[in-house]
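S.K.: I'd like to ask some things about the structure below.
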Amino acid sequence: MRLIKFLAVNLFFYALLKAPGLLAGKPVPSSVITMYMFFIVMTVLLVMTITDEGANGLFAPIRSLLEDPSRALARKVLFVLLPVAAALSVQYLSTDPGPPFELRSAHPAPPGVVRAYGKVYELDGLENPLRALEKENPAAFKELAREGGEVYFRNCFFCHGARLDGRGHYAYAMDPLPMPFTGSDTIAQLKESYLFWRIVKGGPGLPREGGPNISSMPAWENELTEEEVWKVILFLYDYTGNRPRSWKD
Amino acid sequence: MTHRGPLRCLPPTRWLVPVLALLASAALAQDVLAAGPSGYAPAPVLSPGDYPAIRGLSPRLAVWFAAQMHVWFAAFVLAVPIFAVILEFVGVVKKDARYDRVAYEFLRVSITAFSLTAVTGGILLAALIVFYPDLMKYLASIFGPTALFYALFFFFETAALYTYYYGWKRMAEGRLKLLHLAVGIGLNLSGTGLMFVANAWVTFMMTPAGVDAAGAFGGNVWEAVNNHLWSPMNLHRFVANIAYGGSIAGAYAAYRFLGASSEEGRAHYDWMGYTASLIAIGALLPLPFAGYWLTAEIYSFSQQMGITLMGGVFAWLFIVQAVIIGALFLAANYYLWCGFGRGGYGAGYLKYVKYIAVVVAASFLVWFTPHTLILTPSEARAIGGQYHPYLGPLGLMPAKNTAVNMMLLFTFLSFLLYRRAHRRPVVPWVKYGNALQAGLFTAAVANISFLGVYYGYFTNTVYKVASSVPQVATTLFVIVACLVIEWLMARGGRSEDFKWGRMPERSQYALILIAVSFTWLMGLMGFVRSAIRQHWHVYSVMKDASAEAFTPSIAYAAKVVSAGTVVFLAIIVFIFWLGGMGQEKEAGGDG
Amino acid sequence: MGRFVKTAAFSLFIIGLYTFYSVFVIPPINPGEPPSESAASGEPATIVELLALGEEVYNGKGACALCHTREGGRAPALEGSALVAKARLSSPGYSGKAVDAESYLYESLVDPSAYVVPGYGVSGTDGGVSPMPDVRASSIGLSETEIRAVIAYLQSVSGVEITVALPERRRE
């Protein structure tokens with residue numbers, strides 16, 4: 001009975017750790033689950049073996065399985081199953097090693113200055129020059145965002161997708177997946193100057209701290225003009241309904 | 001003199017080694033003093049050819065191993081007298097002969113370790129002189145005069161030790177007992193002084209002082225001794241030695257408990273194990289603060305060195321440390337929980353254990369959650385980056401500070417319930433007292449969580465670290481307040497004696513785990529202390545030009561430390577076995 | 001002897017667990033090789049070589065990037081340092097001897113306390129002492145050429161004209 005309780009308690013905590021992955025799509029990393037579970041199992045074992053009665057209750061079923069003459073059949077089945085299970089798990093672990101672990105930052109810190117288009121941009125305090133029109137001339141602003149959309153669909157949508165969800169035609173050929181712009185945890189967290197840097201300099205411009213540099217994003221400074229870049233940034237925010245972070249907050 | 005037992009076959013080592021060491025250090029001092037103060041040259045610039053090589057032997061590994069062995073033995077033999085004097089003193093004050101008996105027994109079984117400390121020290125010195133002659137010449141040119149102090153302290157320590165040990169039975173009564181205590185204190189003072197001198201050499205290599213940028217000595221030895229890390233290192237090592245001695249004594253008692261055949265023997269070793277581990281855990285608690293001072297001094301000497309220590313390459317080493325300290329806490333709690341069975345009322349408190357366990361384990365998990373998670377690419381894809389929305393905040397300092405305070409608070413709760421296991425307060429305001437304690441605990445938990453969550457995550461960076469001070473203050477306040485209430489409530493209460501020996505055998509493994517973990521952790525932290533010098537013999541002054549100047553990885557260090565731990569513990573077990581042989585004759589065998 | 005075997009096995013198991021965790025579970029990070037002395041063996045002949053040396057020293061031997069991170073925090077960010085140098089010279093708090101941006105950077109490297117950026121001083125000195133070491137001191141030990149190269153690199157990342165002269169031309 002206590003053995004079942006022991007397993008149930010551990011299963012409960014395992015389910016708790018698995019829940020974010022299954023329900024919210026944000027899995028707890030397997031490396032963390034392994035460590036957590038190791039110590040959870042240890043703690044539950046300790047708590048359940050404080051008294052002698054507790055310890056005996058926990059281990060009695062195992063002892064009887066190994067020693068009780070009346071359970072010889074169950075014992076034989078177990079002794080066949082154990083090596084099979086061990087073999088299967090070894091095979092499982094050795095056939096699919098998967099790609100190696102990596103330590104990579106998705107939004108690495110930007111540099112202080114960016115040199116492009118023959119100019120030097122200090123990213124600190126850099127604003128989108130077209131953003132002011134949003135209040136001054138909403139009609140012209142809409143037109144600029146629409147033009148930004150044209151730039152987007154001529155250049156970006158192949159990877160970042162028609163719905164700006166990062167799932168374009170080529171998206172699944174890449175690892176990491178292209179960044180989605182929808183949702184509240186990508187561009188909504190960033191300033192426009194950050195996007196400017198990422199578009200203009202692309203994957204090659206990522207700093208070393210970004211870990212293994214495997215972003216496939218091209219550096220667009222040779223393909224797009226400065227104005228086109230600012231316009232496409234307008235489009236990204238306008239279309240997804242996100243607001244860029246400003247330098248004030 | 002029957003209690004000397006098999007030691008009688010060892011006298012040559014016992015006397016020869018100290019005398020030889022004394023002569024050697026005196027010669028060294030003479031050598032240097034003769035050179036005079038005029039000969040202070042800059043630190044030599046070395047090339048790989050300056051390091052003698054022996055085929056198939058790694059000089060660094062040899063020195064590392066010898067140094068590690070020496071430090072373990074030294075920590076142990078410095079701790080044993082501290083431990084013995086504390087117990088003897090308590091025994092005199094409480095007029096309880098048990099303390100005296102335990103103190104003497106522990107000193108007796110450890111006496112061989114003193115010679116081994118000198119032997120490993122000699123091996124270390126020889127290895128250093130053979131493999132790093134230029135470094136040793138440079139250090140000797142600065143620290144030559146201190147060798148004289150070292151020799152003096154060594155002489156006094158040896159003399160005090162043998163007076164203390166052999167005089168134990170003869171100086172057992174009246175004034176002589178007090179004199180004996182004084183000799184014990186003198187033994188500790190000279191031992192501690194010995195360590196302080198050696199610490200000066202070590203800390204000079206990390207944070208050199210008294211020399212100019214090129215390493216030329218200014219002539220003031222005190223300046224070189226009193227460098228940035230000397231005082232914090234002295235404190236840290238002193239406190240850690242007490243904890244270490246306690247843990248080894250606990251493991252010794254646990255081992256004897258497991259083998260005790262009589263009820264009386266079990267009771268004796270159970271009590272010894274409890275007392276020793278209480279001292280160990282008590283000394284462990286202030287250790288983080290001493291460590292904090294040490295780290296702060298490292299930062300103030302060289303920011304570069306500080307960042308090397310806490311960030312970058314060694315960041316994961318502190319995750320390993322967190323795992324081990326968490327394991328120590330779990331083991332200590334388990335030992336206390338098992339101890340509920342010693343008292344008559346303990347069974348009633350068992351139902352609370354699982355809640356304490358949940359809090360302690362949860363705090364532990366938070367504590368070692370790394371800041372940078374290890375992700376498979378598919379997991380990184382699903383999360384959309386390295387930052388996990390739920391685990392990310394747990395990797396930061398505020399969460400860890402909160403977790404540590406919770407862990408301390410609930411370990412203390414285990415201790416409180418353990419004390420309650422054998423006494424039932426009867427003062428008329430028991431209900432209010434209990435309510436007050438419960439209220440204090442609830443308020444402390446609420447305050448610590450609030451400080452951690454609010455100041456840690458919802459205000460700007462400046463307050464993040466600052467919130468740890470009120471958190472610690474809250475924990476300490478509640479611990480002291482609860483102890484005072486407990487003391488007031490216990491007056492006149494019904495209490496029955498603990499039934500020593502009524503412990504499951506399982507609980508004794510907790511004590512063994514504490515000792516093994518301490519040993520391993522000392523090795524690991526010793527590695528990082530030395531490793532942050534990186535490719536320097538004397539940081540920023542004398543470069544290591546040997547082929548093994550590179551900093552080893554944590555994995556490599558862990559293997560070396562593990563090998564060292566196994567060898568060291570095997571020798572300690574052998575020493576105890578030697579010491580135990582005499583006792584079996586004497587006590588008629590409870591071992 | 002049963003208890004000896006049991007406790008020994010238990011201790012070995014604990015040591016084994018710690019070793020396993022340190023060797024296989026935490027990510028294997030190998031500390032870098034010690035910086036080689038020969039970084040400045042060949043004098044850079046072109047601006048490109050000078051910049052390459054500067055970048056190498058900045059990230060390697062000089063250990064500049066250890067504190068001067070992009071986020072700032074421990075030390076001022078240096079991406080625009082050559083740009084702000086001019087403004088620094090005319091600021092009222094400045095008391096050093098530099099006359100132009102290049103000499104300001106040189107002074108900051110060899111005498112960091114000549115001007116401490118507000119907020120980055122050693123605590124307790126009211127901003128009077130910089131925590132940065134003299135880069136010629138032996139814990140870093142940059143040569144004159146390496147210092148020049150770092151200045152050229154800083155000017156390059158700041159996007160201003162590189163005024164540092166190549167070693168040959170300086171000697172003339």
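Starting from 1 in every chain, residues are counted up; chains themselves are A, B, ... following the order of the structure tokens, and ligands are numbered from 1 as listed.
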Just want the 12 Å neighbourhood of Gln304 of chain B, counted on only C-alpha atoms, with same-chain residues fewer than 3 positions away dropped. Output as a list in words.
M.R.: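 The residues that qualify are Ile298, Tyr299, Ser300, Phe301, Ile307, Thr308, Leu309, Met310, Gly311, Gly312, Ile532, Arg533, Gln534, Tyr539 and Ser540 of chain B; Gly62, Ala63, Cys64, Ala65, Leu66, Cys67, His68, Arg74, Ala75, Pro131, Met132, Pro133, Ser139 and Ile140 of chain C.
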S.K.: Hey, what's within 12 Å of Tyr121 of chain A if we count only C-alpha atoms and toss same-chain stuff fewer than 3 positions away? As a VMD selection string, please?
M.R.: (chain A and resid 111 to 118 124 to 128 193 to 194 196 to 197 200 226) or (chain C and resid 79 to 80 83 157 to 160)
S.K.: Check the smallest atom-to-atom distance from each of B:Ala510, B:Ala435, B:Val472, B:Ile86 to chain C using only C-alpha atoms, then report the winner.
M.R.: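 Result for the nearest residue to chain C: B:Ala510.
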S.K.: Give the residues of chain B that lie within 7 Å of chain C; count only C-alpha atoms, and format the answer as a list of chain:residue names.
M.R.: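 Taking only C-alpha atoms into account, B:Ala213, B:Ala214, B:Leu258, B:Gly259, B:Val313, B:Trp316, B:Val320, B:Leu513, B:Val516, B:His535, B:Ser540, B:Val541, B:Phe550, B:Thr551, B:Pro552, B:Ser553, B:Ile554, B:Ala555, B:Ala558, B:Lys559, B:Ser562 sit within 7 Å of chain C.
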S.K.: Excluding Cys482 of chain B and any residue of its chain fewer than 6 positions from it, enumerate the residues within 12 Å of it, using only C-alpha atoms, and give them as a list in words.
M.R.: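 Counting only the stated atoms, we get Leu409, Phe412, Leu413, Phe415, Leu416, Leu417, Gly433, Asn434, Ala435, Leu436, Gln437, Ala438, Gly439, Leu440, Phe441, Ala444, Thr475, Leu476, Leu488, Met489 and Ala490 of chain B.
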S.K.: Using the selection just defined, write its residues with N, CA, C and O atoms as a PDB file, in the first residue's frame.
M.R.:
```
ATOM      1  N   LEU B 409      14.905  28.417   7.646  1.00  0.00           N
ATOM      2  CA  LEU B 409      13.773  28.575   8.547  1.00  0.00           C
ATOM      3  C   LEU B 409      13.104  27.230   8.824  1.00  0.00           C
ATOM      4  O   LEU B 409      12.789  26.902   9.969  1.00  0.00           O
ATOM      5  N   PHE B 412      15.189  24.882  10.840  1.00  0.00           N
ATOM      6  CA  PHE B 412      15.048  25.283  12.241  1.00  0.00           C
ATOM      7  C   PHE B 412      13.742  24.744  12.824  1.00  0.00           C
ATOM      8  O   PHE B 412      13.702  24.302  13.976  1.00  0.00           O
ATOM      9  N   LEU B 413      12.670  24.770  12.018  1.00  0.00           N
ATOM     10  CA  LEU B 413      11.391  24.231  12.485  1.00  0.00           C
ATOM     11  C   LEU B 413      11.532  22.747  12.823  1.00  0.00           C
ATOM     12  O   LEU B 413      11.018  22.282  13.846  1.00  0.00           O
ATOM     13  N   PHE B 415      14.182  21.352  13.867  1.00  0.00           N
ATOM     14  CA  PHE B 415      14.925  21.313  15.118  1.00  0.00           C
ATOM     15  C   PHE B 415      14.009  21.605  16.306  1.00  0.00           C
ATOM     16  O   PHE B 415      14.066  20.937  17.341  1.00  0.00           O
ATOM     17  N   LEU B 416      13.108  22.605  16.124  1.00  0.00           N
ATOM     18  CA  LEU B 416      12.173  22.984  17.184  1.00  0.00           C
ATOM     19  C   LEU B 416      11.264  21.806  17.527  1.00  0.00           C
ATOM     20  O   LEU B 416      11.049  21.479  18.705  1.00  0.00           O
ATOM     21  N   LEU B 417      10.727  21.164  16.512  1.00  0.00           N
ATOM     22  CA  LEU B 417       9.828  20.028  16.742  1.00  0.00           C
ATOM     23  C   LEU B 417      10.603  18.888  17.405  1.00  0.00           C
ATOM     24  O   LEU B 417      10.077  18.188  18.261  1.00  0.00           O
ATOM     25  N   GLY B 433       1.757  31.011  23.602  1.00  0.00           N
ATOM     26  CA  GLY B 433       3.142  30.838  23.170  1.00  0.00           C
ATOM     27  C   GLY B 433       3.208  30.153  21.813  1.00  0.00           C
ATOM     28  O   GLY B 433       3.900  30.611  20.895  1.00  0.00           O
ATOM     29  N   ASN B 434       2.446  29.078  21.696  1.00  0.00           N
ATOM     30  CA  ASN B 434       2.436  28.366  20.423  1.00  0.00           C
ATOM     31  C   ASN B 434       1.914  29.250  19.300  1.00  0.00           C
ATOM     32  O   ASN B 434       2.459  29.278  18.200  1.00  0.00           O
ATOM     33  N   ALA B 435       0.825  29.976  19.640  1.00  0.00           N
ATOM     34  CA  ALA B 435       0.236  30.857  18.627  1.00  0.00           C
ATOM     35  C   ALA B 435       1.236  31.920  18.208  1.00  0.00           C
ATOM     36  O   ALA B 435       1.372  32.238  17.028  1.00  0.00           O
ATOM     37  N   LEU B 436       1.982  32.428  19.197  1.00  0.00           N
ATOM     38  CA  LEU B 436       2.964  33.468  18.888  1.00  0.00           C
ATOM     39  C   LEU B 436       4.045  32.913  17.959  1.00  0.00           C
ATOM     40  O   LEU B 436       4.425  33.538  16.975  1.00  0.00           O
ATOM     41  N   GLN B 437       4.523  31.706  18.288  1.00  0.00           N
ATOM     42  CA  GLN B 437       5.543  31.098  17.426  1.00  0.00           C
ATOM     43  C   GLN B 437       5.009  30.874  16.019  1.00  0.00           C
ATOM     44  O   GLN B 437       5.667  31.195  15.032  1.00  0.00           O
ATOM     45  N   ALA B 438       3.787  30.340  15.939  1.00  0.00           N
ATOM     46  CA  ALA B 438       3.193  30.101  14.627  1.00  0.00           C
ATOM     47  C   ALA B 438       3.042  31.411  13.872  1.00  0.00           C
ATOM     48  O   ALA B 438       3.339  31.504  12.676  1.00  0.00           O
ATOM     49  N   GLY B 439       2.614  32.441  14.617  1.00  0.00           N
ATOM     50  CA  GLY B 439       2.440  33.753  13.987  1.00  0.00           C
ATOM     51  C   GLY B 439       3.756  34.290  13.458  1.00  0.00           C
ATOM     52  O   GLY B 439       3.833  34.782  12.330  1.00  0.00           O
ATOM     53  N   LEU B 440       4.811  34.160  14.276  1.00  0.00           N
ATOM     54  CA  LEU B 440       6.126  34.638  13.861  1.00  0.00           C
ATOM     55  C   LEU B 440       6.566  33.928  12.581  1.00  0.00           C
ATOM     56  O   LEU B 440       7.072  34.549  11.649  1.00  0.00           O
ATOM     57  N   PHE B 441       6.341  32.611  12.565  1.00  0.00           N
ATOM     58  CA  PHE B 441       6.753  31.844  11.393  1.00  0.00           C
ATOM     59  C   PHE B 441       5.997  32.297  10.152  1.00  0.00           C
ATOM     60  O   PHE B 441       6.591  32.523   9.097  1.00  0.00           O
ATOM     61  N   ALA B 444       7.187  35.602   9.040  1.00  0.00           N
ATOM     62  CA  ALA B 444       8.517  35.529   8.432  1.00  0.00           C
ATOM     63  C   ALA B 444       8.434  34.986   7.013  1.00  0.00           C
ATOM     64  O   ALA B 444       9.044  35.527   6.088  1.00  0.00           O
ATOM     65  N   THR B 475      14.992  36.007   9.037  1.00  0.00           N
ATOM     66  CA  THR B 475      15.254  34.617   9.423  1.00  0.00           C
ATOM     67  C   THR B 475      15.916  34.555  10.798  1.00  0.00           C
ATOM     68  O   THR B 475      15.471  33.826  11.677  1.00  0.00           O
ATOM     69  N   LEU B 476      16.969  35.362  10.966  1.00  0.00           N
ATOM     70  CA  LEU B 476      17.694  35.322  12.231  1.00  0.00           C
ATOM     71  C   LEU B 476      16.802  35.750  13.385  1.00  0.00           C
ATOM     72  O   LEU B 476      16.799  35.139  14.454  1.00  0.00           O
ATOM     73  N   LEU B 488      11.416  30.028  27.541  1.00  0.00           N
ATOM     74  CA  LEU B 488      10.499  30.482  28.585  1.00  0.00           C
ATOM     75  C   LEU B 488       9.399  29.446  28.832  1.00  0.00           C
ATOM     76  O   LEU B 488       9.021  29.178  29.969  1.00  0.00           O
ATOM     77  N   MET B 489       8.908  28.865  27.730  1.00  0.00           N
ATOM     78  CA  MET B 489       7.809  27.906  27.867  1.00  0.00           C
ATOM     79  C   MET B 489       8.257  26.612  28.518  1.00  0.00           C
ATOM     80  O   MET B 489       7.488  25.938  29.192  1.00  0.00           O
ATOM     81  N   ALA B 490       9.536  26.279  28.291  1.00  0.00           N
ATOM     82  CA  ALA B 490      10.011  24.985  28.775  1.00  0.00           C
ATOM     83  C   ALA B 490      10.215  24.982  30.281  1.00  0.00           C
ATOM     84  O   ALA B 490      10.329  23.934  30.889  1.00  0.00           O
TER      85      ALA B 490
END
```
S.K.: What are the nearest atom pairs, with distances in Å to one decimal, for all residues of chain B that come at most 10 Å from chain A, using only C-alpha atoms, set out by chain and rising residue number as a Markdown table?
M.R.:
```
| residue | atom | partner | partner_atom | distance |
| --- | --- | --- | --- | --- |
| B:Val323 | CA | A:Phe39 | CA | 9.6 |
| B:Gly326 | CA | A:Phe39 | CA | 9.6 |
| B:Ala327 | CA | A:Phe39 | CA | 8.7 |
| B:Leu330 | CA | A:Thr43 | CA | 7.6 |
| B:Ala331 | CA | A:Leu46 | CA | 8.9 |
| B:Asn333 | CA | A:Leu46 | CA | 9.6 |
| B:Tyr334 | CA | A:Leu46 | CA | 6.7 |
| B:Tyr335 | CA | A:Ile50 | CA | 8.7 |
| B:Leu336 | CA | A:Ile50 | CA | 9.6 |
| B:Trp337 | CA | A:Ile50 | CA | 6.5 |
| B:Cys338 | CA | A:Ile50 | CA | 5.2 |
| B:Gly339 | CA | A:Ile50 | CA | 8.8 |
| B:Phe340 | CA | A:Ile50 | CA | 9.0 |
| B:Gly341 | CA | A:Thr51 | CA | 7.6 |
| B:Ala347 | CA | A:Thr51 | CA | 9.3 |
| B:Leu350 | CA | A:Ile50 | CA | 8.6 |
| B:Val353 | CA | A:Val47 | CA | 7.1 |
| B:Lys354 | CA | A:Val47 | CA | 6.3 |
| B:Tyr355 | CA | A:Val47 | CA | 9.9 |
| B:Ile356 | CA | A:Val47 | CA | 9.8 |
| B:Ala357 | CA | A:Thr43 | CA | 7.1 |
| B:Val358 | CA | A:Thr43 | CA | 8.4 |
| B:Val360 | CA | A:Thr43 | CA | 9.3 |
| B:Ala361 | CA | A:Thr43 | CA | 6.9 |
| B:Ala362 | CA | A:Ile40 | CA | 8.8 |
| B:Phe364 | CA | A:Phe39 | CA | 8.8 |
| B:Leu365 | CA | A:Tyr36 | CA | 6.4 |
| B:Val366 | CA | A:Tyr36 | CA | 9.5 |
| B:Phe368 | CA | A:Met35 | CA | 9.4 |
| B:Thr369 | CA | A:Val32 | CA | 7.6 |
| B:Pro370 | CA | A:Val32 | CA | 8.8 |
| B:Thr372 | CA | A:Leu103 | CA | 7.2 |
| B:Leu373 | CA | A:Leu103 | CA | 7.4 |
| B:Ile374 | CA | A:Phe101 | CA | 6.3 |
| B:Leu375 | CA | A:Phe101 | CA | 5.6 |
| B:Thr376 | CA | A:Phe101 | CA | 4.9 |
| B:Pro377 | CA | A:Phe101 | CA | 6.7 |
| B:Ser378 | CA | A:Pro176 | CA | 8.9 |
| B:Glu379 | CA | A:Pro29 | CA | 6.5 |
| B:Ala380 | CA | A:Pro176 | CA | 8.1 |
| B:Arg381 | CA | A:Pro176 | CA | 6.4 |
| B:Ala382 | CA | A:Lys26 | CA | 6.1 |
| B:Ile383 | CA | A:Lys26 | CA | 5.2 |
| B:Gly384 | CA | A:Ala106 | CA | 7.3 |
| B:Gly385 | CA | A:Ala106 | CA | 4.7 |
| B:Gln386 | CA | A:Ser105 | CA | 5.3 |
| B:Tyr387 | CA | A:Ser105 | CA | 7.7 |
| B:His388 | CA | A:Lys26 | CA | 7.6 |
| B:Pro389 | CA | A:Lys26 | CA | 7.6 |
| B:Tyr390 | CA | A:Val28 | CA | 8.4 |
| B:Leu391 | CA | A:Val28 | CA | 7.7 |
| B:Met503 | CA | A:Thr51 | CA | 9.0 |
| B:Pro504 | CA | A:Asp52 | CA | 6.8 |
| B:Glu505 | CA | A:Asp52 | CA | 9.5 |
| B:Arg506 | CA | A:Thr49 | CA | 8.4 |
| B:Ser507 | CA | A:Ile50 | CA | 8.1 |
```
S.K.: Show which residues sit within 6 Å of Ile162 of chain C, as number ranges by chain. Count only C-alpha atoms, and ignore same-chain residues fewer than 2 positions away.
M.R.: C: 152, 155, 164
S.K.: Which one is closest to chain C: A:Asn56, A:Thr34, A:Thr95, A:Asn10? Count only C-alpha atoms.
M.R.: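 Under the stated criterion, the closest residue is A:Thr34.
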S.K.: From the DSSP assignment of the backbone, select every residue of segment 180-353 of chain B that is alpha helix (DSSP H), and format the answer as number ranges by chain.
M.R.: B: 180-206, 221-225, 230-259, 263-284, 287-301, 303-310, 315-339, 350-353
S.K.: Mind checking which residues fall within 10 Å of His228 of chain B, counting only C-alpha atoms, ignoring those fewer than 4 positions away in the same chain, and posting them as a PyMOL selection string?
M.R.: chain B and resi 203-204+206-209+223-224+232-233+294+296-298+300-301
S.K.: Take the residues from that selection and put them in a file with N, CA, C and O atoms, as a compact mmCIF listing (two decimals), in the first residue's frame.
M.R.:
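The result, stored in selection32.txt:
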```txt
# COMPACT_ATOMS: atom_id res chain seq x y z
N THR B 203 47.40 33.10 0.33
CA THR B 203 46.65 34.26 -0.13
C THR B 203 47.54 35.24 -0.87
O THR B 203 47.08 35.94 -1.77
N PHE B 204 48.84 35.27 -0.52
CA PHE B 204 49.75 36.14 -1.27
C PHE B 204 49.76 35.74 -2.74
O PHE B 204 49.83 36.60 -3.62
N MET B 206 47.36 34.69 -4.41
CA MET B 206 46.13 35.13 -5.07
C MET B 206 46.04 36.64 -5.16
O MET B 206 45.68 37.20 -6.18
N THR B 207 46.32 37.31 -4.04
CA THR B 207 46.20 38.77 -4.01
C THR B 207 47.48 39.34 -3.44
O THR B 207 47.53 39.75 -2.29
N PRO B 208 48.57 39.37 -4.25
CA PRO B 208 49.86 39.80 -3.73
C PRO B 208 49.82 41.25 -3.24
O PRO B 208 49.15 42.10 -3.83
N ALA B 209 50.50 41.48 -2.13
CA ALA B 209 50.63 42.83 -1.59
C ALA B 209 52.08 43.00 -1.14
O ALA B 209 52.79 42.02 -0.95
N GLU B 223 53.21 43.59 5.35
CA GLU B 223 52.36 44.01 4.25
C GLU B 223 52.02 42.82 3.34
O GLU B 223 50.89 42.67 2.89
N ALA B 224 53.04 42.00 3.08
CA ALA B 224 52.81 40.83 2.22
C ALA B 224 51.91 39.82 2.91
O ALA B 224 51.08 39.16 2.27
N PRO B 232 39.92 37.38 5.62
CA PRO B 232 38.72 36.58 5.31
C PRO B 232 39.02 35.09 5.18
O PRO B 232 38.24 34.26 5.63
N MET B 233 40.19 34.76 4.62
CA MET B 233 40.54 33.35 4.47
C MET B 233 40.77 32.71 5.84
O MET B 233 40.35 31.57 6.07
N LEU B 294 34.91 36.85 1.78
CA LEU B 294 36.03 36.41 0.94
C LEU B 294 35.82 36.85 -0.50
O LEU B 294 36.72 37.41 -1.14
N ALA B 296 33.84 39.23 -1.61
CA ALA B 296 33.87 40.68 -1.72
C ALA B 296 35.30 41.19 -1.80
O ALA B 296 35.61 42.10 -2.57
N GLU B 297 36.20 40.57 -1.03
CA GLU B 297 37.60 40.98 -1.06
C GLU B 297 38.25 40.62 -2.39
O GLU B 297 39.10 41.35 -2.89
N ILE B 298 37.86 39.48 -2.96
CA ILE B 298 38.39 39.11 -4.27
C ILE B 298 37.99 40.17 -5.28
O ILE B 298 38.80 40.66 -6.06
N SER B 300 37.21 43.26 -4.68
CA SER B 300 37.83 44.56 -4.46
C SER B 300 39.29 44.53 -4.85
O SER B 300 39.86 45.55 -5.21
N PHE B 301 39.92 43.35 -4.82
CA PHE B 301 41.31 43.27 -5.28
C PHE B 301 41.36 43.34 -6.80
O PHE B 301 42.11 44.11 -7.38
```
S.K.: Near segment 123-138 of chain B, within 7 Å and counting only C-alpha atoms, which residues show up once chain neighbours fewer than 2 positions away are dropped, as a list of chain:residue names?
M.R.: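 Using only C-alpha atoms, the neighbours found are B:Ala43, B:Tyr51, B:Pro52, B:Pro59, B:Val63, B:Ala66, B:Ala67, B:Val119, B:Thr120, B:Gly121, B:Ala140, B:Ser141, B:Ile142.
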S.K.: Could you name the residues that touch Tyr94 of chain C at 10 Å or less, counting only C-alpha atoms, but leaving out those on the same chain fewer than 5 positions away, as a list in words?
M.R.: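 With the cut-off at 10 Å, the set is Arg88, Leu89, Ala114, Tyr115, Val116 and Val117 of chain C.
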S.K.: Residues of segment 23-238 of chain A in strand (DSSP E or B) according to DSSP, as a PyMOL selection string?
M.R.: chain A and resi 102+113-116+119-122+191
S.K.: What does the structure give for the distance between atom CA of Glu548 of chain B and atom CA of Met205 of chain B, in Å to one decimal?
M.R.: 17.2 Å
S.K.: Which residue is closest to chain C? Choose from A:Gly148, A:Pro110, A:Gly168, A:Pro83 and count only C-alpha atoms.
M.R.: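 Smallest separation from chain C among the options: A:Pro110.
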S.K.: Please measure the separation of atom CA of Ala251 of chain B and atom CA of Ala113 of chain B, giving the value in Å to one decimal.
M.R.: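 Computed distance, atom CA of Ala251 of chain B to atom CA of Ala113 of chain B, equals 16.1 Å.
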